[in-house]
Amino acid sequence: MTQPPDDLDALIGQLNASGTVDAPLDQSSRVEDWLAHVIRVRGSDLLLVAGSAPMVRIDGRLHAVADLVLDGDEIAAMMTPLLPAHAAKHFHATGIADASLRLPALGRFRVNLHHERGRAAAAIRVLPTRVPTVAELNLPTEIEQLSKLSRGLVLIGGATGSGKTTTLAALVDAINRRDSKHIITVEDPVEYEHAHHAGLVEQVEVGIDAPDFPTALRAAVRQAPDILVIGEMRDPDSMRIALSAAETGHLVFSSVHTTDVTATIGRICDSFPNERQNTIRQELSLALSALVTQWLVPKVGGGRVPAVEVLRVSYGARQHIRKNALQHLHQEITITRKQGSITLEESLVRLVHSGAITRTDALERAGHQDEIERLLG
């Protein structure tokens with residue numbers, strides 16, 4: 001899910017023919033040459049860290065791009081001229097910058113420029129040129145059903161690089177092509193660019209269109225959205241606004257860096273002071289419509305494919321959330337299967353039966369070994 005999409009074939013052919021991208025011989029052109037290589041080999045990320053060669057991530061594994069060792073000053077000199085003005089200013093002020101980058105010969109990228117051990121470092125992700133569909137991502141039908149909800153909060157959890165943003169984009173695309181809805185996304189930065197289809201999509205980029213997530217979200221809820229998409233739940237203010245919007249009839253999608261449905265609830269509640277956590281549990285129990293967690297699993301023949309866990313929040317789950325009895329949520333997934341819930345083990349077994357992943361990889365990633373062994377037979 002983090003690979004460049006298939007419609008980069010023409011660009012890859014062009015790059016293979018020319019060898020490198022035509023560019024002036026300066027520090028920034030070296031980055032462009034390395035990004036051209038990342039695209040040629042269908043990598044997902046370029047990582048620049050002092051004391052190491054530039055590295056490309058291909059199917060989750062790192063490979064050196066060039067036979068040299070970088071230092072922090074080189075990385076800063078390469079990257080800052082490429083950044084938008086607001087991001088370069090933020091990097092000089094704080095030492096950190098997130099931005100989207102458009103290179104005419106190559107496409108769009110997400111850039112994180114930061115410091116480690118006092119030295120500049122960068123992570124650059126290739127952004128696809130079009131939004132993939134749920135089917136193209138090999139996501140189960142239980143995920144696409146979430147695009148048909150009329151209201152409530154849908155949270156997608158997963159580790160960094162697990163494809164949460166891609167899944168959110170696919171859900172937005174499904175709604176946008178099917179329904180005449182007003183959709184507002186708030187992202188830092190914008191990764192997938194949506195055209196207007198049946199719906200109307202506004203994409204607000206933090207740092208360019210608004211100074212921060214809370215400011216952008218407060219404005220967005222006054223702009224008559226049907227659907228609100230929050231790139232990431234980063235702070236209590238954003239969480240409060242998301243909960244309020246979901247409670248007042250909006251459909252709200254967001255992502256959280258967590259590893260299962262229990263951790264997702266805990267992560268949100270723990271972001272608030274102790275005296276507020278019971279109130280937040282009450283609000284969550286009312287606002288939540290679905291909790292999703294996803295993982296990327298090595299695909300047979302190369303690449304990776306998502307395995308997911310989906311909990312459609314019903315009366316039982318709401319009671320467990322209110323009482324902070326989160327250990328019972330996995331059982332609720334099984335109970336609400338007919339409403340569109342699916343366990344990780346069921347998702348893995350489907351992938352094994354379709355030939356997408358191996359039995360060994362399914363067993364390694366299952367959280368409940370007895371369940372998956374029973375399902376695999």
# chains A, B, ... in the order shown; residues from 1 in each chain; ligands from 1
call {"tool": "select_by_dssp", "arguments": {"residues": "region 215-291 of chain A", "states": "helix (DSSP H, G or I)", "output": "VMD selection string"}}
result
chain A and resid 215 to 220 236 to 247 261 to 270 274 to 287
call {"tool": "select_by_dssp", "arguments": {"residues": "region 19-260 of chain A", "states": "strand (DSSP E)", "output": "NGL selection string"}}
result
:A and (45-48 or 55-58 or 61-64 or 97-103 or 107-116 or 119-127 or 152-157 or 182-187 or 200-205 or 227-230 or 251-256)
call {"tool": "residues_around", "arguments": {"residues": "region 355-370 of chain A", "least_positions_apart": "5", "cutoff": "10 Å", "atoms": "only C-alpha atoms", "output": "MDAnalysis selection string"}}
result
chainID A and resid 138 260 295:302 304:305 307 343:350 375:376
call {"tool": "atom_distance", "arguments": {"atom1": "CA of Arg151 (chain A)", "atom2": "CA of Ala246 (chain A)"}}
result
6.4 Å
call {"tool": "closest_residue", "arguments": {"among": "A:Pro54, A:Gly266, A:Gly199, A:Pro128", "to": "Arg178 (chain A)", "atoms": "only C-alpha atoms"}}
result
A:Gly199
call {"tool": "residues_around", "arguments": {"residues": "region 229-232 of chain A", "least_positions_apart": "4", "cutoff": "7 Å", "atoms": "only C-alpha atoms", "output": "PDB file with C-alpha atoms, in the first residue's frame"}}
result
ATOM      1  CA  ILE A 184     -13.553  18.491   3.985  1.00  0.00           C
ATOM      2  CA  THR A 185     -10.157  16.967   4.743  1.00  0.00           C
ATOM      3  CA  VAL A 186      -7.632  18.493   7.156  1.00  0.00           C
ATOM      4  CA  GLU A 187      -4.144  17.096   6.619  1.00  0.00           C
ATOM      5  CA  ASP A 188      -0.485  17.774   7.373  1.00  0.00           C
ATOM      6  CA  VAL A 252     -15.892  11.867  10.794  1.00  0.00           C
ATOM      7  CA  PHE A 253     -12.892   9.782   9.726  1.00  0.00           C
ATOM      8  CA  SER A 254      -9.464   9.950  11.328  1.00  0.00           C
ATOM      9  CA  SER A 255      -6.334   7.898  11.999  1.00  0.00           C
ATOM     10  CA  VAL A 256      -4.476   7.050  15.195  1.00  0.00           C
TER      11      VAL A 256
END
call {"tool": "atom_distance", "arguments": {"atom1": "CA of Pro214 (chain A)", "atom2": "CA of Ile241 (chain A)"}}
result
7.6 Å
call {"tool": "closest_residue", "arguments": {"among": "A:Arg40, A:Gly157, A:Val221, A:Ile335", "to": "Ile268 (chain A)", "atoms": "only C-alpha atoms"}}
result
A:Gly157
call {"tool": "closest_residue", "arguments": {"among": "A:Ala159, A:Val38, A:Met233, A:Ala76", "to": "Gln294 (chain A)", "atoms": "only C-alpha atoms"}}
result
A:Ala159
call {"tool": "closest_residue", "arguments": {"among": "A:Gln145, A:Thr264, A:Gln319, A:Thr80", "to": "Val111 (chain A)", "atoms": "only C-alpha atoms"}}
result
A:Thr80
call {"tool": "residues_around", "arguments": {"residues": "Ile227 (chain A)", "least_positions_apart": "3", "cutoff": "6 Å", "atoms": "only C-alpha atoms", "output": "PDB file with N, CA and C atoms, in the first residue's frame"}}
result
ATOM      1  N   ILE A 183     -17.276  17.160   1.364  1.00  0.00           N
ATOM      2  CA  ILE A 183     -16.230  16.499   2.140  1.00  0.00           C
ATOM      3  C   ILE A 183     -15.108  17.499   2.390  1.00  0.00           C
ATOM      4  N   HIS A 250     -22.337  14.596  11.975  1.00  0.00           N
ATOM      5  CA  HIS A 250     -21.391  14.474  10.884  1.00  0.00           C
ATOM      6  C   HIS A 250     -20.784  13.069  10.856  1.00  0.00           C
ATOM      7  N   LEU A 251     -20.300  12.666   9.697  1.00  0.00           N
ATOM      8  CA  LEU A 251     -19.483  11.462   9.578  1.00  0.00           C
ATOM      9  C   LEU A 251     -18.029  11.914   9.604  1.00  0.00           C
ATOM     10  N   VAL A 252     -17.271  11.424  10.578  1.00  0.00           N
ATOM     11  CA  VAL A 252     -15.892  11.867  10.794  1.00  0.00           C
ATOM     12  C   VAL A 252     -14.961  10.668  10.691  1.00  0.00           C
TER      13      VAL A 252
END
call {"tool": "atom_distance", "arguments": {"atom1": "CA of His353 (chain A)", "atom2": "CA of Gly377 (chain A)"}}
result
11.5 Å
